[in-house]
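> My structure file entry_34.cif, mmCIF, C-alpha atoms and all ligand atoms, is below:
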```cif
data_query
#
loop_
_atom_site.label_atom_id
_atom_site.label_comp_id
_atom_site.auth_asym_id
_atom_site.auth_seq_id
_atom_site.Cartn_x
_atom_site.Cartn_y
_atom_site.Cartn_z
CA MET U 7 17.08 21.09 12.52
CA SER U 8 18.43 20.74 16.06
CA ALA U 9 14.86 21.11 17.35
CA PHE U 10 14.16 17.72 15.80
CA ARG U 11 17.22 15.97 17.18
CA TYR U 12 16.50 13.74 20.12
CA THR U 13 18.39 11.42 22.44
CA HIS U 14 15.57 9.66 24.31
CA ALA U 15 12.01 8.48 23.86
CA ILE U 16 9.49 7.38 26.45
CA VAL U 17 6.90 4.81 25.39
CA CYS U 18 4.47 2.62 27.31
CA ARG U 19 3.48 -0.98 26.57
CA ILE U 20 -0.14 -1.81 25.75
CA PRO U 21 -2.27 -3.22 28.60
CA ASP U 22 -4.92 -5.94 28.07
CA SER U 23 -7.52 -3.33 29.09
CA TYR U 24 -6.70 -1.34 25.93
CA LYS U 25 -8.71 -3.79 23.82
CA SER U 26 -12.07 -3.00 25.48
CA ASN U 27 -11.64 0.11 27.59
CA ALA U 28 -9.53 2.57 25.63
CA LEU U 29 -11.42 5.76 24.82
CA GLY U 30 -12.97 6.24 21.40
CA ILE U 31 -12.78 2.67 20.08
CA THR U 32 -14.31 2.61 16.60
CA SER U 33 -13.91 -1.07 15.67
CA PRO U 34 -12.68 -4.28 17.35
CA ILE U 35 -9.03 -4.15 18.30
CA ASP U 36 -6.72 -7.10 17.65
CA LEU U 37 -4.54 -6.87 20.77
CA ALA U 38 -1.77 -9.14 19.49
CA LYS U 39 -1.56 -7.11 16.29
CA ALA U 40 -1.59 -3.85 18.28
CA ARG U 41 1.37 -5.08 20.34
CA LYS U 42 3.23 -6.19 17.23
CA GLN U 43 2.70 -2.77 15.60
CA HIS U 44 3.81 -1.06 18.79
CA GLU U 45 6.94 -3.22 18.99
CA SER U 46 7.85 -2.24 15.41
CA TYR U 47 7.34 1.42 16.34
CA VAL U 48 9.64 1.07 19.35
CA ALA U 49 12.21 -0.73 17.20
CA ALA U 50 12.05 2.13 14.68
CA LEU U 51 12.68 4.68 17.45
CA ARG U 52 15.72 2.64 18.54
CA GLU U 53 16.96 2.43 14.93
CA ILE U 54 17.00 6.21 14.69
CA GLY U 55 19.35 6.34 17.64
CA LEU U 56 17.02 6.97 20.56
CA ASP U 57 17.49 5.56 23.99
CA VAL U 58 13.96 4.23 24.53
CA ILE U 59 12.51 4.02 28.04
CA GLU U 60 9.67 1.47 27.91
CA LEU U 61 7.15 1.83 30.71
CA PRO U 62 5.27 -1.31 31.75
CA ALA U 63 1.64 -1.67 30.67
CA ASP U 64 -0.68 -0.19 33.27
CA GLU U 65 -3.97 -2.15 33.38
CA THR U 66 -5.70 0.60 35.36
CA HIS U 67 -5.08 3.04 32.49
CA PRO U 68 -6.34 1.54 29.20
CA ASP U 69 -5.02 4.52 27.18
CA CYS U 70 -1.56 4.53 28.78
CA VAL U 71 0.10 3.68 25.44
CA PHE U 72 -0.71 7.24 24.33
CA VAL U 73 2.05 8.78 26.45
CA GLU U 74 2.30 11.96 24.36
CA ASP U 75 -0.72 13.39 26.17
CA THR U 76 0.90 13.32 29.61
CA ALA U 77 3.84 15.72 29.22
CA VAL U 78 5.33 18.32 26.90
CA VAL U 79 9.11 18.24 26.86
CA CYS U 80 10.95 21.06 25.15
CA ASN U 81 14.25 22.85 25.62
CA GLY U 82 15.22 20.62 28.54
CA THR U 83 12.05 21.28 30.57
CA ALA U 84 9.09 18.94 31.10
CA LEU U 85 5.59 20.33 31.59
CA ILE U 86 3.26 17.81 33.21
CA THR U 87 -0.11 18.14 31.50
CA ARG U 88 -3.65 17.90 32.92
CA PRO U 89 -5.45 15.33 30.73
CA CYS U 90 -9.11 16.14 30.41
CA HIS U 91 -10.75 12.75 30.59
CA PRO U 92 -11.10 11.33 34.14
CA SER U 93 -9.86 7.91 33.03
CA ARG U 94 -6.57 9.51 31.94
CA GLU U 95 -5.93 12.06 34.71
CA LYS U 96 -3.66 9.85 36.77
CA GLU U 97 -1.50 8.74 33.84
CA VAL U 98 0.67 11.77 34.57
CA ASP U 99 1.79 10.44 37.97
CA TYR U 100 4.10 7.76 36.63
CA MET U 101 5.32 10.02 33.83
CA ARG U 102 6.29 12.70 36.35
CA THR U 103 8.43 10.19 38.26
CA ILE U 104 10.23 9.04 35.10
CA LEU U 105 10.90 12.56 33.85
CA LYS U 106 12.10 13.76 37.25
CA ASN U 107 13.98 10.77 38.61
CA GLU U 108 15.12 8.82 35.59
CA LEU U 109 15.73 11.61 33.08
CA GLU U 110 16.49 14.25 35.75
CA LEU U 111 14.59 16.94 33.88
CA PRO U 112 13.24 20.06 35.58
CA VAL U 113 9.51 19.44 35.87
CA VAL U 114 6.85 22.18 35.74
CA GLU U 115 3.34 21.60 37.10
CA ILE U 116 0.12 23.35 36.08
CA SER U 117 -1.30 25.05 39.18
CA ASP U 118 -4.59 26.21 37.58
CA LYS U 119 -7.09 23.48 38.48
CA SER U 120 -9.43 24.64 35.71
CA ALA U 121 -6.80 23.97 33.05
CA THR U 122 -6.89 20.95 30.79
CA LEU U 123 -4.05 20.24 28.39
CA GLU U 124 -3.09 17.14 26.41
CA GLY U 125 0.16 16.75 24.50
CA GLY U 126 -1.73 15.70 21.36
CA ASP U 127 -2.91 19.28 21.09
CA VAL U 128 0.61 20.71 21.26
CA LEU U 129 2.42 21.30 17.98
CA PHE U 130 6.01 22.52 18.35
CA THR U 131 7.46 23.69 15.05
CA GLY U 132 10.97 24.13 16.37
CA LYS U 133 10.38 27.88 16.64
CA GLU U 134 6.93 28.31 18.15
CA PHE U 135 4.01 26.43 19.67
CA PHE U 136 0.47 26.04 18.40
CA VAL U 137 -1.99 24.58 20.84
CA GLY U 138 -5.33 23.12 19.81
CA LEU U 139 -8.35 24.28 21.74
CA SER U 140 -10.28 21.03 21.54
CA ASN U 141 -12.59 18.92 23.65
CA ARG U 142 -9.47 17.96 25.62
CA THR U 143 -7.51 21.23 25.91
CA ASN U 144 -8.89 24.56 27.08
CA GLU U 145 -7.64 28.15 27.13
CA ALA U 146 -6.28 27.82 30.65
CA GLY U 147 -4.28 24.82 29.46
CA ALA U 148 -2.92 26.83 26.52
CA CYS U 149 -1.93 29.64 28.94
CA ALA U 150 -0.13 27.11 31.13
CA LEU U 151 1.86 25.94 28.10
CA ALA U 152 2.75 29.53 27.21
CA SER U 153 3.92 30.20 30.80
CA ALA U 154 6.03 27.06 30.91
CA PHE U 155 7.90 27.94 27.71
CA PRO U 156 8.02 31.76 27.64
CA GLU U 157 10.94 31.66 25.21
CA PHE U 158 8.61 30.59 22.35
CA PRO U 159 5.49 32.21 20.86
CA CYS U 160 2.43 30.12 21.72
CA THR U 161 -0.77 30.49 19.69
CA PRO U 162 -4.10 28.83 20.46
CA ILE U 163 -5.90 27.30 17.47
CA LYS U 164 -9.57 26.41 17.79
CA ILE U 165 -10.22 23.00 16.29
CA ASP U 166 -13.39 21.12 15.42
CA ASN U 167 -14.32 17.49 14.93
CA HIS U 168 -10.98 15.96 15.81
CA LEU U 169 -9.59 14.57 19.02
CA HIS U 170 -6.44 16.70 18.96
CA LEU U 171 -4.69 19.30 16.80
CA LYS U 172 -2.07 16.72 15.86
CA SER U 173 -4.80 14.30 14.72
CA MET U 174 -4.78 16.35 11.52
CA LEU U 175 -1.40 18.08 11.21
CA THR U 176 2.16 17.50 12.40
CA MET U 177 5.72 18.56 11.52
CA ALA U 178 7.27 16.54 8.69
CA GLY U 179 10.62 18.30 8.91
CA PRO U 180 11.95 21.72 9.87
CA ASP U 181 9.42 24.30 8.63
CA VAL U 182 7.25 21.67 6.91
CA ILE U 183 3.73 21.00 8.14
CA CYS U 184 2.07 17.79 7.02
CA VAL U 185 -1.66 18.43 6.92
CA ALA U 186 -4.77 16.43 6.04
CA SER U 187 -6.97 17.59 3.16
CA ALA U 188 -10.16 17.38 5.28
CA PRO U 189 -11.95 20.75 5.61
CA GLU U 190 -11.38 20.99 9.40
CA ALA U 191 -7.65 20.41 8.87
CA LYS U 192 -7.51 23.08 6.17
CA ASP U 193 -9.31 25.48 8.52
CA ALA U 194 -6.82 24.77 11.31
CA LEU U 195 -3.94 25.31 8.87
CA LYS U 196 -5.42 28.63 7.74
CA ARG U 197 -5.59 29.77 11.36
CA ILE U 198 -2.00 28.67 11.89
CA GLU U 199 -0.80 30.50 8.78
CA ARG U 200 -2.67 33.64 9.80
CA GLU U 201 -1.28 33.71 13.34
CA ALA U 202 2.18 32.23 12.85
CA THR U 203 5.30 34.16 13.75
CA PHE U 204 7.28 32.16 11.18
CA ARG U 205 6.54 30.81 7.70
CA TYR U 206 6.02 27.14 6.87
CA GLN U 207 5.73 24.97 3.79
CA THR U 208 2.98 22.37 3.70
CA VAL U 209 2.49 18.85 2.39
CA THR U 210 -1.17 17.90 2.06
CA LEU U 211 -2.30 14.29 2.39
CA PRO U 212 -5.68 12.82 1.47
CA ASP U 213 -5.83 10.53 4.52
CA THR U 214 -6.37 12.30 7.83
CA TYR U 215 -4.67 9.67 10.00
CA ALA U 216 -1.64 9.68 7.68
CA SER U 217 -1.08 13.37 8.41
CA ASN U 218 0.22 12.42 11.83
CA VAL U 219 3.93 11.69 11.32
CA VAL U 220 6.98 11.67 13.56
CA PHE U 221 10.10 13.48 12.39
CA ALA U 222 13.21 12.76 14.43
CA ASN U 223 16.93 12.71 13.71
CA GLY U 224 16.41 13.09 9.95
CA VAL U 225 13.96 10.18 9.75
CA LEU U 226 10.26 10.48 8.99
CA LEU U 227 8.04 7.79 10.47
CA HIS U 228 4.76 7.75 8.57
CA ARG U 229 1.78 5.48 7.95
CA SER U 230 2.74 2.67 5.60
CA GLY U 231 1.87 2.37 1.93
CA ASP U 232 -0.08 -0.81 2.81
CA GLU U 233 -2.39 1.24 5.01
CA TYR U 234 -2.50 4.56 3.16
CA PRO U 235 -0.99 4.14 -0.34
CA GLU U 236 -1.87 7.58 -1.71
CA SER U 237 -0.51 9.47 1.28
CA ALA U 238 2.65 7.35 1.44
CA LYS U 239 3.29 8.02 -2.27
CA ILE U 240 2.98 11.79 -1.77
CA LEU U 241 5.44 11.71 1.12
CA GLU U 242 7.87 9.61 -0.90
CA GLU U 243 7.67 12.09 -3.77
CA LYS U 244 7.87 15.29 -1.74
CA LEU U 245 10.14 14.37 1.15
CA SER U 246 12.55 11.92 -0.41
CA HIS U 247 15.48 13.90 1.04
CA TRP U 248 14.66 12.36 4.43
CA THR U 249 14.85 8.69 5.33
CA LEU U 250 11.23 7.56 5.23
CA LYS U 251 9.94 4.62 7.22
CA GLY U 252 6.37 3.39 6.81
CA MET U 253 4.63 2.00 9.89
CA ASP U 254 1.43 -0.03 10.26
CA PHE U 255 -0.63 1.45 13.08
CA SER U 256 -4.21 0.35 12.40
CA GLU U 257 -4.82 -0.98 15.91
CA MET U 258 -3.86 2.32 17.54
CA GLU U 259 -5.98 4.22 15.05
CA LYS U 260 -9.01 2.20 16.19
CA ALA U 261 -8.75 4.02 19.55
CA ASP U 262 -8.10 7.38 17.89
CA GLY U 263 -4.34 7.01 18.31
CA CYS U 264 -1.65 8.17 15.92
CA LEU U 265 2.10 7.72 15.53
CA SER U 266 3.04 10.78 17.59
CA CYS U 267 0.65 9.79 20.41
CA CYS U 268 2.80 6.82 21.38
CA SER U 269 6.04 8.57 22.37
CA ILE U 270 7.50 11.55 24.12
CA LEU U 271 10.71 12.56 22.38
CA ILE U 272 13.41 14.23 24.42
CA ARG U 273 16.76 15.85 23.70
CA LYS U 274 18.83 15.59 26.79
CA THR U 275 21.94 17.71 26.66
CA ARG U 276 24.87 16.05 28.28
CA HIS U 277 26.43 18.17 31.00
CA LEU U 278 30.11 17.75 31.62
CA LYS U 279 30.61 17.55 35.36
CA ASN U 280 33.74 18.13 37.39
CA ILE U 281 35.86 19.26 34.48
CA MET U 282 37.82 21.74 36.60
N1 LIG U 301 -7.94 6.91 22.96
C1 LIG U 301 -7.14 8.07 23.09
C2 LIG U 301 -7.84 9.14 23.83
O1 LIG U 301 -9.05 9.26 23.67
O2 LIG U 301 -7.28 9.85 24.61
#
```
As structure tokens, what does this structure read like?

Amino acid sequence: MSAFRYTHAIVCRIPDSYKSNALGITSPIDLAKARKQHESYVAALREIGLDVIELPADETHPDCVFVEDTAVVCNGTALITRPCHPSREKEVDYMRTILKNELELPVVEISDKSATLEGGDVLFTGKEFFVGLSNRTNEAGACALASAFPEFPCTPIKIDNHLHLKSMLTMAGPDVICVASAPEAKDALKRIEREATFRYQTVTLPDTYASNVVFANGVLLHRSGDEYPESAKILEEKLSHWTLKGMDFSEMEKADGCLSCCSILIRKTRHLKNIM
């Protein structure tokens, strides 16, 4: 459980450029609605006790709201990723400064210039990592993740037809994987189950975007019943022991974004200084 306890979250506000220039836009984005949905998400993170650091919107980076891709923070260490798409490469610069200077975390860089790694491909179960080999993350990126966190097993999982591994499965609690019912998601889950060092239960949802949830401090943020009624009902039935909070996120979905994409969650242990 402690793996899913956090003290801080980093988020980034939505720039005007998001509306037209974010990657993978599938239908027209209502910018005002996107900002409203994002504000509710940030409010929910605050409600679950997180100290939220809100980065200003960066017009030069239309996808900057999707902060998850820029760093992997685990066990008090931050690995700065190497996003694959040229329009996103430089998003890591600001994130590095915040992690280093504001949160005072030890920061690890990826030295292999052939590596690509995005946080959306990194699933941490609390006990081990799975890393999606996707159009955005390659084997060198997966190796960099394994080197940065040698204390945990790290298993690459080849994925097809989805932006990231976590576009189709995420943790919905300790040892519980929430997975979409789409064939590619089932294939990815099979690979995970075959290679895993530990055992997991699963909750299967009919809506692929609803399979991306955020579990933090005993609260499960999930896509709302207004957006995905069947999936929300299943979560309410199966995971009623957690506090569930439904979120509307349609305007992030239109640019292939999910709930987890919009935050980096961090547990910062408090060191007692000068106690002698
Ligand atoms: N629009 C999110 C991404 O493609 O990275």
> Which chain U residues have any atom within 6 Å of an atom of ligand LIG 301 (chain U), and for each, what is the nearest pair of atoms with distance in Å to one decimal, counting all atoms listed in the file, rows sorted by chain and number, as a tab-separated table?

```
residue	atom	partner	partner_atom	distance
U:Ala28	CA	U:LIG301	N1	5.3
U:Leu29	CA	U:LIG301	N1	4.1
U:Gly30	CA	U:LIG301	N1	5.3
U:Asp69	CA	U:LIG301	N1	5.7
U:Ala261	CA	U:LIG301	N1	4.5
U:Asp262	CA	U:LIG301	N1	5.1
U:Gly263	CA	U:LIG301	C1	5.6
```
> Got a sec: who's within 12 Å of region 110-121 of chain U, counting all atoms listed in the file, leaving out chain neighbours fewer than 6 positions off, as number ranges by chain?
U: 76-90, 98-99, 101-104, 139, 142-155, 272-277
> I'd like to know which of U:Glu60, U:Asp22, U:Asp127, U:Glu53 is closest to Asp75 (chain U), using all atoms listed in the file.
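Counting all atoms listed in the file, the residue closest to Asp75 (chain U) is U:Asp127.
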> With only C-alpha atoms as the basis for distance, which of U:Thr131, U:Ala202, U:Leu56, U:Met177 is at the shortest distance from Pro162 (chain U)?
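For Pro162 (chain U), the nearest of the given residues is U:Ala202.
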> Could you check which of U:Ile183, U:Gly138, U:Thr176, U:Gly132 is closest to Phe158 (chain U), using only C-alpha atoms?
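Among the listed residues, the smallest separation from Phe158 (chain U) belongs to U:Gly132.
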> Got a sec to check which residues sit within 7 Å of (-4.5, 5.7, 0.8), counting only C-alpha atoms, and write them as a ChimeraX atom specification?
/U:213,233-237
